[in-house]
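Contents: one structure, followed by commentary.
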Amino acid sequence: MLFGAPKNLFDPRIHHNLALIAFFAWVGLGSDGLSSSSYGPEEAFLQLGAHRHLALYLVLATVATVFLISTAYSQVIELFPSGGGGYVVATKLLGPTPGIVAGSALVVDYVLTIAISVASGCDAVFSFLPPEWQVWKLPVGLAAIALLTTLNLRGVKESVAILIPIFLSFMVSHLFLIGYGIFTHGTDLGPLIGTTVRETRTAASELGPLAVVLIFLRAYSLGGGTYTGIEAVSNSTEILREPRVETGKRTMLYMSVSLAFTAGGILLCYLLNDVRHEVGKTLNASLWEQLSRGWNFGGWALGPAVVWFTLLSEGALLFVAAQTGFVAGPRTLASMAVDFWVPKRFAHLSERLVTQNGIITMGVAAAAVLLYTGGAVKILVVMYSMNVFIAFTLTQAGMARHWWTTREAQEHWRRRWIIATVGTLVCGGILIITGIIMFDRGVWVTLAVTGALVVFCFVVRGHYRRVRQLLSSLDEVLTNLPLPEPKTPPELAPDGPTAIVLVESYAGLGIHTLLSIQRLFPRHFRNIVFCSVGLVDSGQFKGVRDVQALEEKVGGDLEKYVQLATRMGYYAEYRVTLGTDLIAELEAMCLDLVKEFRRPVVFAGQLVFQRENLFTRSLHHETSFSIQRRLQFTGIQVIILPIRVWERQRTA
């Protein structure tokens, strides 16, 4: 009832049905960028202090930056249509170390996306509630995270469909009020330009041009939260409807136009309507109240109802914006898991075909961040912006390097290189200024957490590399055994004992298991059945062709096992299936084979570490032990054949 029914992996239209068209992608991925207009412009405007005349320059800079970053990420989508965003770009174009820094920054960024979206949503909703209700703000935020986690465990498309009415309510209310706020002061725009230029000259003569520039840069940089979320589409192109590049670029266009209008329009409305900070209220709440003051319809005061509806839609959209963290965050983790930077379980799909482990991790981490900061948006927005612009800067630097190194083979390379280079300078500048100014107000925390994640990733990858070296030595020894072909192919022995051997790819681990059976039970088993599951994870679940290729690969590996067992004198055959739950699929195959073959025994190989701990258990499947636990009460014997992994000998 909570998570929905399992999805059919073999439905030929499953990818088409789950993929998002541009509009749905705009709702699911663009809501993060759009919702940032609820706190980014406010933070930038407040940083101007008494120099409010600089807000007009801020409007122009904000709109230009939105289009600059969105154009740059449209190029990322074009160059990397399979997704992965900043992590893949930095890895491919700059190297694995910048790649894992970008990936770790993005993971922390998406955790903060959830936390700041929920915290800002609570601020917006509680802006018009009685002050004594403020104590409920944090519990409501935690409940919202739990609800969003549950929605995303059902599936991406299902969660997006539920949130569409909220998204549309935000768009309609904000487009109307921003348009009204600008239109009613249309005659003030001309004089405003002259006043801005005059006051800027006065400030420059009193404080000096450099001081005015620094004031502007401070406000512009600390309002960097406005641009967060723009990169989300490039991270998640695999969930977009084909053709993915066109759908992604169209989604980016929707996102950039809507964000430029709302963020720039809100800043302009602050200036035109002379909005001032009020304790307990956001600037947006004060703006909407001021714009709708005196509205009446049939003797009814319409203004308060408009404010309530607008703030509720704003708060609700901020909750919706957390959706981006639940969509793009787990996919970034999955890309890192495929490259062995984080435990491989983060690439696994649930029966609802979502990266369940990543979604749960993002939800738990976001709740922890919300508790740590007490839901304080001012702290969260600084932490959030810092990680966003680490990823932005590395991504754009990688793209600039790519266009420069391939300039002789690329058309229009100069324009693309200029966009990427300017994007690098702008994002790097915001990153440096924010880091210096706000280091002791949240920046050091997010840098420490991101750094710790980077270290953890290197430890994980180092462990996987050592294990792969061990298995590769097994492969070299065992995959080319000099066994003769049998003179006559062995025949099935219906009443003879049967060994059901659980294997993965054709490699040393599976061959070692087969040889161990022969060594421990010489001439006992007459039949051998090899079983394997093509585990469909986020690396394969990108289209029908990828799933078919996986099935062909697994079948080909099992054919090699059958040929090897035949040369050893056994009658052999194999069974294969595809699925997202390895244990459940193997259990079902074993139960079916017990009905087909008499006197069966299940065998499975298992890596056994000399010093096993929580770390090694979290990085490796304990498939053999799980199968043994499941089958032992059905009367099926399961024998686990270990492959020992010794600790490295330390030299003095």
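Residue numbering restarts at 1 in every chain; chains get A, B, ... in the order shown in the structure tokens, and ligands count up from 1 in that same order.
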**Report entry** Backbone-only DSSP, alpha helix (DSSP H) members of segment 29-248 of chain A, as number ranges by chain
**Finding:** A: 29-35, 40-47, 55-79, 85-94, 96-126, 137-154, 156-183, 189-207, 209-222, 232-235, 244-248
**Report entry** Residues within 12 Å of Thr71 of chain A, only C-alpha atoms, excluding chain neighbours under 3 positions, as a count of residues only
**Finding:** 32
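Counting only C-alpha atoms, the residue from A:Leu163, A:Ile511, A:Val342, A:Val369 that sits nearest to Leu318 of chain A is A:Leu163.
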Query raised in the report: Could you name the residues that touch segment 580-592 of chain A at 9 Å or less, counting only C-alpha atoms, but leaving out those on the same chain fewer than 2 positions away, as a PyMOL selection string?
Result: chain A and resi 9+348-351+353+500+502+531-537+575-578+594-596+602+623-624+626-627+630-631+634+636
Requested in this report: Would you mind telling me which residue in A:Phe389, A:Gly33, A:Phe458, A:Ile643 lies nearest to Leu474 of chain A when using only C-alpha atoms?
Outcome: A:Ile643
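Of the listed residues A:Leu471, A:Leu177, A:Leu222, A:Val111, the one whose atoms come nearest to Val306 of chain A is A:Leu177, with distances taken using only C-alpha atoms.
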Report task. Find the residues near Ile430 of chain A: any atom within 12 Å, counting only C-alpha atoms, skip ones fewer than 5 places away on the same chain, and give them as a PyMOL selection string. Result -> chain A and resi 65+216-227+382+385-390+392-393+423-425+435-438
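Minimum distance to Val467 of chain A across A:Arg567, A:Leu514, A:Phe340, A:Val445 (counting only C-alpha atoms) occurs at A:Phe340.
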Report summary line: Residue with the minimum atom-to-atom distance to Thr262 of chain A, picked from A:Ser292, A:Thr282, A:Ser38, A:Thr406 with only C-alpha atoms counted, is A:Ser38
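By chain and then residue number, the residues within 7 Å of Thr450 of chain A are Ser104, Ala105, Val108, Thr446 and Val454 of chain A, counting only C-alpha atoms and disregarding those fewer than 4 positions away in sequence.
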Restricted to N, CA, C and O atoms, what would the selected residues look like written as a compact mmCIF listing (two decimals), in the first residue's frame?
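The file below, out-v6.txt, is the result:
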# COMPACT_ATOMS: atom_id res chain seq x y z
N SER A 104 31.50 13.64 -4.74
CA SER A 104 31.24 13.78 -3.31
C SER A 104 30.55 15.10 -3.01
O SER A 104 29.63 15.16 -2.18
N ALA A 105 31.00 16.17 -3.68
CA ALA A 105 30.35 17.47 -3.49
C ALA A 105 28.89 17.42 -3.92
O ALA A 105 28.02 17.99 -3.26
N VAL A 108 26.76 15.43 -1.23
CA VAL A 108 26.47 16.29 -0.08
C VAL A 108 25.52 17.41 -0.48
O VAL A 108 24.62 17.79 0.27
N THR A 446 30.62 21.92 5.84
CA THR A 446 30.35 21.22 4.58
C THR A 446 31.64 20.78 3.91
O THR A 446 31.71 19.71 3.30
N VAL A 454 35.15 12.07 0.54
CA VAL A 454 36.20 11.79 -0.45
C VAL A 454 37.17 10.74 0.10
O VAL A 454 37.53 9.78 -0.60
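With atom CA of Leu558 of chain A on one side and atom CA of Ser335 of chain A on the other, the separation reads 27.1 Å.
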Query - Which of segment 202-413 of chain A DSSP labels strand (DSSP E or B), written as a PyMOL selection string - result: chain A and resi 240+296-297+300-301+348
Requested in this report: Using only C-alpha atoms, determine which residues lie at most 12 Å from Gly229 of chain A, disregarding the query and same-chain residues fewer than 2 positions distant; provide the list as JSON, numbers by chain.
Outcome: {"A": [26, 28, 29, 30, 31, 32, 33, 34, 35, 36, 37, 40, 66, 69, 70, 73, 85, 106, 109, 110, 112, 113, 114, 116, 117, 224, 225, 226, 227, 231, 232, 233, 234, 235, 236, 252, 255, 256, 259, 321, 322, 323, 324, 325, 327, 328, 329, 384, 385, 387, 388, 389, 391, 392]}
Requested in this report: Give the answer as one residue: which of A:Ala263, A:Gly375, A:Leu431, A:Val59 has the shortest atom-to-atom distance to Trp136 of chain A, using only C-alpha atoms?
Outcome: A:Gly375
